[in-house]
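This is data27.json (JSON, N, CA and C atoms).
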```json
[["chain", "number", "residue", "atom", "x", "y", "z"],
["G", 260, "MET", "N", 85.38, 104.69, 94.65],
["G", 260, "MET", "CA", 86.27, 105.82, 94.73],
["G", 260, "MET", "C", 85.88, 106.78, 93.64],
["G", 261, "SER", "N", 85.90, 108.02, 93.96],
["G", 261, "SER", "CA", 85.66, 109.02, 92.93],
["G", 261, "SER", "C", 86.58, 110.20, 93.16],
["G", 262, "ARG", "N", 86.81, 110.91, 92.09],
["G", 262, "ARG", "CA", 87.62, 112.11, 92.17],
["G", 262, "ARG", "C", 86.72, 113.26, 91.78],
["G", 263, "ASP", "N", 86.63, 114.27, 92.61],
["G", 263, "ASP", "CA", 85.76, 115.40, 92.35],
["G", 263, "ASP", "C", 86.34, 116.30, 91.28],
["G", 264, "ALA", "N", 85.46, 117.07, 90.63],
["G", 264, "ALA", "CA", 85.89, 118.00, 89.58],
["G", 264, "ALA", "C", 86.82, 119.05, 90.16],
["G", 265, "GLY", "N", 87.53, 119.72, 89.29],
["G", 265, "GLY", "CA", 88.41, 120.80, 89.75],
["G", 265, "GLY", "C", 89.83, 120.61, 89.30],
["G", 266, "THR", "N", 90.03, 119.88, 88.23],
["G", 266, "THR", "CA", 91.39, 119.71, 87.75],
["G", 266, "THR", "C", 91.63, 120.69, 86.61],
["G", 267, "GLY", "N", 92.85, 121.09, 86.48],
["G", 267, "GLY", "CA", 93.24, 121.97, 85.40],
["G", 267, "GLY", "C", 94.55, 121.47, 84.82],
["G", 268, "VAL", "N", 95.03, 122.14, 83.82],
["G", 268, "VAL", "CA", 96.28, 121.73, 83.19],
["G", 268, "VAL", "C", 97.39, 121.79, 84.23],
["G", 269, "GLY", "N", 98.09, 120.69, 84.41],
["G", 269, "GLY", "CA", 99.21, 120.64, 85.33],
["G", 269, "GLY", "C", 98.82, 120.59, 86.80],
["G", 270, "ARG", "N", 97.54, 120.46, 87.10],
["G", 270, "ARG", "CA", 97.10, 120.40, 88.48],
["G", 270, "ARG", "C", 96.47, 119.05, 88.77],
["G", 271, "GLY", "N", 96.56, 118.64, 90.02],
["G", 271, "GLY", "CA", 95.90, 117.42, 90.44],
["G", 271, "GLY", "C", 94.46, 117.72, 90.80],
["G", 272, "PRO", "N", 93.74, 116.72, 91.26],
["G", 272, "PRO", "CA", 92.34, 116.94, 91.64],
["G", 272, "PRO", "C", 92.25, 117.84, 92.86],
["G", 273, "SER", "N", 91.16, 118.58, 92.97],
["G", 273, "SER", "CA", 90.97, 119.43, 94.14],
["G", 273, "SER", "C", 90.57, 118.60, 95.35],
["G", 274, "ALA", "N", 90.00, 117.42, 95.11],
["G", 274, "ALA", "CA", 89.60, 116.53, 96.20],
["G", 274, "ALA", "C", 89.59, 115.10, 95.72],
["G", 275, "ILE", "N", 89.97, 114.21, 96.59],
["G", 275, "ILE", "CA", 89.90, 112.77, 96.32],
["G", 275, "ILE", "C", 89.08, 112.16, 97.43],
["G", 276, "ARG", "N", 88.09, 111.37, 97.07],
["G", 276, "ARG", "CA", 87.25, 110.71, 98.06],
["G", 276, "ARG", "C", 87.39, 109.20, 97.89],
["G", 277, "VAL", "N", 87.73, 108.55, 98.97],
["G", 277, "VAL", "CA", 87.83, 107.09, 98.99],
["G", 277, "VAL", "C", 86.78, 106.60, 99.98],
["G", 278, "ASN", "N", 85.88, 105.76, 99.50],
["G", 278, "ASN", "CA", 84.83, 105.22, 100.35],
["G", 278, "ASN", "C", 85.05, 103.71, 100.46],
["G", 279, "VAL", "N", 85.38, 103.27, 101.65],
["G", 279, "VAL", "CA", 85.58, 101.85, 101.91],
["G", 279, "VAL", "C", 84.32, 101.36, 102.63],
["G", 280, "GLY", "N", 83.55, 100.55, 101.96],
["G", 280, "GLY", "CA", 82.30, 100.09, 102.53],
["G", 280, "GLY", "C", 82.47, 99.15, 103.70],
["G", 281, "GLU", "N", 83.45, 98.27, 103.65],
["G", 281, "GLU", "CA", 83.60, 97.28, 104.70],
["G", 281, "GLU", "C", 85.03, 96.77, 104.75],
["G", 282, "LEU", "N", 85.56, 96.64, 105.95],
["G", 282, "LEU", "CA", 86.82, 95.96, 106.19],
["G", 282, "LEU", "C", 86.49, 94.68, 106.95],
["G", 283, "VAL", "N", 86.87, 93.55, 106.41],
["G", 283, "VAL", "CA", 86.60, 92.27, 107.07],
["G", 283, "VAL", "C", 87.89, 91.82, 107.74],
["G", 284, "LEU", "N", 87.81, 91.59, 109.05],
["G", 284, "LEU", "CA", 89.00, 91.24, 109.84],
["G", 284, "LEU", "C", 88.89, 89.82, 110.39],
["G", 285, "ASP", "N", 88.86, 88.84, 109.52],
["G", 285, "ASP", "CA", 88.80, 87.44, 109.95],
["G", 285, "ASP", "C", 90.14, 87.02, 110.54],
["G", 286, "GLY", "N", 90.09, 86.40, 111.73],
["G", 286, "GLY", "CA", 91.30, 85.87, 112.35],
["G", 286, "GLY", "C", 92.08, 86.85, 113.20],
["G", 287, "PHE", "N", 91.56, 88.05, 113.40],
["G", 287, "PHE", "CA", 92.26, 89.05, 114.20],
["G", 287, "PHE", "C", 91.48, 89.30, 115.49],
["G", 288, "ARG", "N", 92.21, 89.44, 116.59],
["G", 288, "ARG", "CA", 91.58, 89.73, 117.88],
["G", 288, "ARG", "C", 91.99, 91.14, 118.31],
["G", 289, "VAL", "N", 91.40, 92.12, 117.66],
["G", 289, "VAL", "CA", 91.72, 93.53, 117.92],
["G", 289, "VAL", "C", 90.43, 94.34, 117.97],
["G", 290, "ASP", "N", 90.53, 95.54, 118.52],
["G", 290, "ASP", "CA", 89.41, 96.45, 118.58],
["G", 290, "ASP", "C", 89.16, 97.02, 117.18],
["G", 291, "PRO", "N", 88.04, 96.70, 116.56],
["G", 291, "PRO", "CA", 87.79, 97.16, 115.19],
["G", 291, "PRO", "C", 87.74, 98.69, 115.05],
["G", 292, "ASP", "N", 87.31, 99.39, 116.11],
["G", 292, "ASP", "CA", 87.29, 100.86, 116.04],
["G", 292, "ASP", "C", 88.70, 101.43, 115.96],
["G", 293, "ARG", "N", 89.62, 100.84, 116.71],
["G", 293, "ARG", "CA", 91.02, 101.30, 116.66],
["G", 293, "ARG", "C", 91.65, 100.96, 115.31],
["G", 294, "VAL", "N", 91.32, 99.79, 114.78],
["G", 294, "VAL", "CA", 91.83, 99.42, 113.45],
["G", 294, "VAL", "C", 91.30, 100.41, 112.42],
["G", 295, "SER", "N", 90.02, 100.71, 112.49],
["G", 295, "SER", "CA", 89.40, 101.63, 111.54],
["G", 295, "SER", "C", 90.03, 103.02, 111.61],
["G", 296, "ALA", "N", 90.25, 103.52, 112.82],
["G", 296, "ALA", "CA", 90.86, 104.85, 112.99],
["G", 296, "ALA", "C", 92.27, 104.88, 112.41],
["G", 297, "ALA", "N", 93.07, 103.85, 112.70],
["G", 297, "ALA", "CA", 94.43, 103.79, 112.17],
["G", 297, "ALA", "C", 94.42, 103.66, 110.65],
["G", 298, "PHE", "N", 93.48, 102.86, 110.13],
["G", 298, "PHE", "CA", 93.33, 102.67, 108.69],
["G", 298, "PHE", "C", 93.03, 104.01, 108.01],
["G", 299, "GLU", "N", 92.02, 104.72, 108.52],
["G", 299, "GLU", "CA", 91.63, 105.99, 107.92],
["G", 299, "GLU", "C", 92.77, 107.01, 107.97],
["G", 300, "HIS", "N", 93.45, 107.09, 109.09],
["G", 300, "HIS", "CA", 94.55, 108.04, 109.23],
["G", 300, "HIS", "C", 95.67, 107.74, 108.23],
["G", 301, "GLU", "N", 96.07, 106.47, 108.15],
["G", 301, "GLU", "CA", 97.17, 106.10, 107.26],
["G", 301, "GLU", "C", 96.78, 106.22, 105.79],
["G", 302, "LEU", "N", 95.57, 105.81, 105.43],
["G", 302, "LEU", "CA", 95.14, 105.92, 104.03],
["G", 302, "LEU", "C", 95.06, 107.39, 103.61],
["G", 303, "ALA", "N", 94.55, 108.25, 104.49],
["G", 303, "ALA", "CA", 94.50, 109.68, 104.18],
["G", 303, "ALA", "C", 95.90, 110.23, 103.96],
["G", 304, "ARG", "N", 96.84, 109.82, 104.80],
["G", 304, "ARG", "CA", 98.23, 110.28, 104.65],
["G", 304, "ARG", "C", 98.80, 109.82, 103.31],
["G", 305, "LEU", "N", 98.60, 108.56, 102.97],
["G", 305, "LEU", "CA", 99.15, 108.02, 101.72],
["G", 305, "LEU", "C", 98.53, 108.70, 100.50],
["G", 306, "VAL", "N", 97.23, 108.92, 100.52],
["G", 306, "VAL", "CA", 96.56, 109.58, 99.39],
["G", 306, "VAL", "C", 97.05, 111.02, 99.28],
["G", 307, "ARG", "N", 97.17, 111.70, 100.40],
["G", 307, "ARG", "CA", 97.65, 113.10, 100.40],
["G", 307, "ARG", "C", 99.07, 113.18, 99.85],
["G", 308, "GLU", "N", 99.95, 112.27, 100.27],
["G", 308, "GLU", "CA", 101.35, 112.34, 99.88],
["G", 308, "GLU", "C", 101.63, 111.73, 98.51],
["G", 309, "ARG", "N", 100.90, 110.69, 98.14],
["G", 309, "ARG", "CA", 101.23, 109.95, 96.91],
["G", 309, "ARG", "C", 100.13, 109.96, 95.86],
["G", 310, "GLY", "N", 98.95, 110.44, 96.23],
["G", 310, "GLY", "CA", 97.83, 110.46, 95.30],
["G", 310, "GLY", "C", 97.25, 109.08, 95.08],
["G", 311, "VAL", "N", 96.40, 108.98, 94.05],
["G", 311, "VAL", "CA", 95.76, 107.72, 93.69],
["G", 311, "VAL", "C", 96.01, 107.51, 92.20],
["G", 312, "PRO", "N", 97.07, 106.79, 91.85],
["G", 312, "PRO", "CA", 97.43, 106.63, 90.44],
["G", 312, "PRO", "C", 96.32, 106.10, 89.53],
["G", 313, "LEU", "N", 95.45, 105.23, 90.03],
["G", 313, "LEU", "CA", 94.38, 104.72, 89.17],
["G", 313, "LEU", "C", 93.38, 105.81, 88.78],
["G", 314, "ALA", "N", 93.33, 106.90, 89.53],
["G", 314, "ALA", "CA", 92.41, 108.00, 89.24],
["G", 314, "ALA", "C", 93.10, 109.16, 88.55],
["G", 315, "ALA", "N", 94.32, 108.98, 88.09],
["G", 315, "ALA", "CA", 95.08, 110.07, 87.49],
["G", 315, "ALA", "C", 94.42, 110.65, 86.25],
["G", 316, "ASP", "N", 93.67, 109.84, 85.50],
["G", 316, "ASP", "CA", 93.05, 110.31, 84.27],
["G", 316, "ASP", "C", 91.59, 110.72, 84.45],
["G", 317, "GLY", "N", 91.10, 110.75, 85.65],
["G", 317, "GLY", "CA", 89.71, 111.14, 85.91],
["G", 317, "GLY", "C", 89.07, 110.23, 86.94],
["G", 318, "ALA", "N", 87.79, 110.43, 87.13],
["G", 318, "ALA", "CA", 87.05, 109.67, 88.13],
["G", 318, "ALA", "C", 87.12, 108.18, 87.83],
["G", 319, "VAL", "N", 87.24, 107.40, 88.87],
["G", 319, "VAL", "CA", 87.27, 105.94, 88.73],
["G", 319, "VAL", "C", 86.48, 105.35, 89.88],
["G", 320, "SER", "N", 85.80, 104.26, 89.59],
["G", 320, "SER", "CA", 85.05, 103.55, 90.62],
["G", 320, "SER", "C", 85.58, 102.13, 90.66],
["G", 321, "VAL", "N", 85.95, 101.67, 91.84],
["G", 321, "VAL", "CA", 86.51, 100.33, 92.02],
["G", 321, "VAL", "C", 85.61, 99.56, 92.96],
["G", 322, "GLU", "N", 85.12, 98.43, 92.52],
["G", 322, "GLU", "CA", 84.22, 97.62, 93.35],
["G", 322, "GLU", "C", 84.98, 96.87, 94.43],
["G", 323, "SER", "N", 86.12, 96.29, 94.06],
["G", 323, "SER", "CA", 86.90, 95.57, 95.07],
["G", 323, "SER", "C", 88.36, 95.48, 94.63],
["G", 324, "LEU", "N", 89.21, 95.24, 95.60],
["G", 324, "LEU", "CA", 90.63, 95.01, 95.36],
["G", 324, "LEU", "C", 90.95, 93.60, 95.86],
["G", 325, "SER", "N", 91.71, 92.88, 95.09],
["G", 325, "SER", "CA", 92.14, 91.56, 95.53],
["G", 325, "SER", "C", 93.60, 91.38, 95.16],
["G", 326, "GLY", "N", 94.17, 90.26, 95.55],
["G", 326, "GLY", "CA", 95.58, 90.03, 95.27],
["G", 326, "GLY", "C", 96.48, 90.82, 96.18],
["G", 327, "LEU", "N", 95.93, 91.28, 97.31],
["G", 327, "LEU", "CA", 96.72, 92.04, 98.26],
["G", 327, "LEU", "C", 97.41, 91.08, 99.22],
["G", 328, "PRO", "N", 98.53, 91.49, 99.80],
["G", 328, "PRO", "CA", 99.31, 90.56, 100.63],
["G", 328, "PRO", "C", 98.59, 90.19, 101.92],
["G", 329, "PRO", "N", 98.79, 88.95, 102.40],
["G", 329, "PRO", "CA", 98.22, 88.56, 103.69],
["G", 329, "PRO", "C", 98.94, 89.29, 104.82],
["G", 330, "LEU", "N", 98.24, 89.47, 105.93],
["G", 330, "LEU", "CA", 98.81, 90.16, 107.08],
["G", 330, "LEU", "C", 98.86, 89.21, 108.27],
["G", 331, "PRO", "N", 99.93, 89.29, 109.08],
["G", 331, "PRO", "CA", 100.05, 88.40, 110.24],
["G", 331, "PRO", "C", 98.96, 88.69, 111.27],
["G", 332, "ALA", "N", 98.40, 87.65, 111.87],
["G", 332, "ALA", "CA", 97.29, 87.78, 112.82],
["G", 332, "ALA", "C", 97.69, 88.46, 114.13],
["G", 333, "GLY", "N", 98.96, 88.51, 114.49],
["G", 333, "GLY", "CA", 99.38, 89.05, 115.77],
["G", 333, "GLY", "C", 99.62, 90.54, 115.82],
["G", 334, "LEU", "N", 99.24, 91.28, 114.78],
["G", 334, "LEU", "CA", 99.49, 92.72, 114.76],
["G", 334, "LEU", "C", 98.60, 93.46, 115.75],
["G", 335, "SER", "N", 99.10, 94.58, 116.28],
["G", 335, "SER", "CA", 98.27, 95.45, 117.12],
["G", 335, "SER", "C", 97.22, 96.11, 116.24],
["G", 336, "ALA", "N", 96.18, 96.67, 116.86],
["G", 336, "ALA", "CA", 95.12, 97.34, 116.11],
["G", 336, "ALA", "C", 95.70, 98.47, 115.26],
["G", 337, "ARG", "N", 96.59, 99.27, 115.84],
["G", 337, "ARG", "CA", 97.20, 100.39, 115.11],
["G", 337, "ARG", "C", 97.99, 99.90, 113.92],
["G", 338, "ARG", "N", 98.83, 98.93, 114.15],
["G", 338, "ARG", "CA", 99.69, 98.41, 113.08],
["G", 338, "ARG", "C", 98.85, 97.72, 112.00],
["G", 339, "LEU", "N", 97.82, 96.99, 112.41],
["G", 339, "LEU", "CA", 96.94, 96.33, 111.45],
["G", 339, "LEU", "C", 96.25, 97.36, 110.56],
["G", 340, "GLY", "N", 95.74, 98.43, 111.17],
["G", 340, "GLY", "CA", 95.11, 99.50, 110.39],
["G", 340, "GLY", "C", 96.06, 100.13, 109.40],
["G", 341, "GLN", "N", 97.30, 100.37, 109.83],
["G", 341, "GLN", "CA", 98.31, 100.95, 108.94],
["G", 341, "GLN", "C", 98.62, 100.01, 107.78],
["G", 342, "GLU", "N", 98.82, 98.74, 108.09],
["G", 342, "GLU", "CA", 99.16, 97.77, 107.05],
["G", 342, "GLU", "C", 98.00, 97.57, 106.06],
["G", 343, "LEU", "N", 96.77, 97.56, 106.57],
["G", 343, "LEU", "CA", 95.62, 97.46, 105.68],
["G", 343, "LEU", "C", 95.56, 98.67, 104.75],
["G", 344, "ALA", "N", 95.79, 99.85, 105.29],
["G", 344, "ALA", "CA", 95.77, 101.07, 104.47],
["G", 344, "ALA", "C", 96.86, 101.01, 103.40],
["G", 345, "ARG", "N", 98.03, 100.54, 103.77],
["G", 345, "ARG", "CA", 99.12, 100.42, 102.79],
["G", 345, "ARG", "C", 98.77, 99.43, 101.70],
["G", 346, "ALA", "N", 98.13, 98.32, 102.09],
["G", 346, "ALA", "CA", 97.73, 97.32, 101.10],
["G", 346, "ALA", "C", 96.66, 97.88, 100.16],
["G", 347, "VAL", "N", 95.68, 98.60, 100.71],
["G", 347, "VAL", "CA", 94.64, 99.20, 99.88],
["G", 347, "VAL", "C", 95.24, 100.26, 98.96],
["G", 348, "HIS", "N", 96.13, 101.09, 99.49],
["G", 348, "HIS", "CA", 96.74, 102.11, 98.65],
["G", 348, "HIS", "C", 97.57, 101.47, 97.54],
["G", 349, "ALA", "N", 98.25, 100.37, 97.86],
["G", 349, "ALA", "CA", 99.01, 99.66, 96.82],
["G", 349, "ALA", "C", 98.07, 99.19, 95.72],
["G", 350, "GLY", "N", 96.91, 98.67, 96.09],
["G", 350, "GLY", "CA", 95.92, 98.26, 95.10],
["G", 350, "GLY", "C", 95.43, 99.44, 94.27],
["G", 351, "LEU", "N", 95.24, 100.58, 94.90],
["G", 351, "LEU", "CA", 94.81, 101.78, 94.19],
["G", 351, "LEU", "C", 95.93, 102.39, 93.36],
["G", 352, "SER", "N", 97.14, 101.90, 93.57],
["G", 352, "SER", "CA", 98.30, 102.37, 92.81],
["G", 352, "SER", "C", 98.62, 101.43, 91.66],
["G", 353, "GLY", "N", 97.76, 100.42, 91.45],
["G", 353, "GLY", "CA", 97.95, 99.51, 90.33],
["G", 353, "GLY", "C", 98.61, 98.20, 90.69],
["G", 354, "ARG", "N", 98.92, 98.00, 91.98],
["G", 354, "ARG", "CA", 99.49, 96.74, 92.42],
["G", 354, "ARG", "C", 98.39, 95.96, 93.11],
["G", 355, "GLY", "N", 97.96, 94.88, 92.51],
["G", 355, "GLY", "CA", 96.81, 94.12, 92.99],
["G", 355, "GLY", "C", 95.79, 94.06, 91.87],
["G", 356, "GLU", "N", 94.80, 93.21, 92.01],
["G", 356, "GLU", "CA", 93.78, 93.05, 90.98],
["G", 356, "GLU", "C", 92.58, 93.91, 91.33],
["G", 357, "VAL", "N", 92.16, 94.73, 90.37],
["G", 357, "VAL", "CA", 91.05, 95.65, 90.58],
["G", 357, "VAL", "C", 89.82, 95.12, 89.86],
["G", 358, "THR", "N", 88.68, 95.13, 90.55],
["G", 358, "THR", "CA", 87.41, 94.76, 89.93],
["G", 358, "THR", "C", 86.57, 96.02, 89.76],
["G", 359, "PRO", "N", 86.43, 96.51, 88.51],
["G", 359, "PRO", "CA", 85.65, 97.73, 88.29],
["G", 359, "PRO", "C", 84.16, 97.48, 88.49]]
```
Take the structure in this file and express it as structure tokens.
Amino acid sequence: MSRDAGTGVGRGPSAIRVNVGELVLDGFRVDPDRVSAAFEHELARLVRERGVPLAADGAVSVESLSGLPPLPAGLSARRLGQELARAVHAGLSGRGEVTP
């Protein structure tokens, strides 16, 4: 994750970029493209509305997030994508273990 330049006094970043290299969906029987689309949509919404607290002081790079809650295997692709995005955003908000 990186935050692009363009901050000023009292202003947030002009752009936030989150790059998720891989989502591993072990134990789920869903269309991965639909999960990915729902994930991207929900994560973009959360970042737009709530920001990324771990990047509040400048650019940050996170290798992995762990300690995130397990998700039930019976979720629809849309719901799974949303829940994954919420879990990732929670990790980026300081809830969960971050590996720099």
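Picture a line from atom C of G:Gly353 to atom CA of G:Arg338; it runs 22.4 Å.
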Check your understanding: Looking at only C-alpha atoms, which of G:Leu351, G:Val277, G:Ala297, G:Leu284 is the one that sits closest to G:Ala336?
Key -> G:Ala297
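Take atom C of G:Arg307 and atom C of G:Val289: the distance between them is 27.5 Å.
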Review point. How many Å lie between atom N of G:Ile275 and atom C of G:Leu330, rounded to one decimal?
Key: 29.0 Å
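Among G:Val347, G:Gln341, G:Ser352, G:Pro331, the residue with the shortest atom-to-atom distance to G:Ala296, counting all atoms listed in the file, is G:Gln341.
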Can you tell me, as an mmCIF file with N, CA and C atoms, in the frame of the given file, what residues are no more than 9 Å from G:Ala332 when counting only C-alpha atoms, ignoring any on the same chain fewer than 3 positions away?
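Saved as out_4.cif:
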```
data_model
loop_
_atom_site.group_PDB
_atom_site.id
_atom_site.type_symbol
_atom_site.label_atom_id
_atom_site.label_comp_id
_atom_site.auth_asym_id
_atom_site.auth_seq_id
_atom_site.Cartn_x
_atom_site.Cartn_y
_atom_site.Cartn_z
ATOM 1 N N ASP G 285 88.860 88.840 109.520
ATOM 2 C CA ASP G 285 88.800 87.440 109.950
ATOM 3 C C ASP G 285 90.140 87.020 110.540
ATOM 4 N N GLY G 286 90.090 86.400 111.730
ATOM 5 C CA GLY G 286 91.300 85.870 112.350
ATOM 6 C C GLY G 286 92.080 86.850 113.200
ATOM 7 N N PHE G 287 91.560 88.050 113.400
ATOM 8 C CA PHE G 287 92.260 89.050 114.200
ATOM 9 C C PHE G 287 91.480 89.300 115.490
ATOM 10 N N ARG G 288 92.210 89.440 116.590
ATOM 11 C CA ARG G 288 91.580 89.730 117.880
ATOM 12 C C ARG G 288 91.990 91.140 118.310
ATOM 13 N N SER G 335 99.100 94.580 116.280
ATOM 14 C CA SER G 335 98.270 95.450 117.120
ATOM 15 C C SER G 335 97.220 96.110 116.240
ATOM 16 N N LEU G 339 97.820 96.990 112.410
ATOM 17 C CA LEU G 339 96.940 96.330 111.450
ATOM 18 C C LEU G 339 96.250 97.360 110.560
#
```
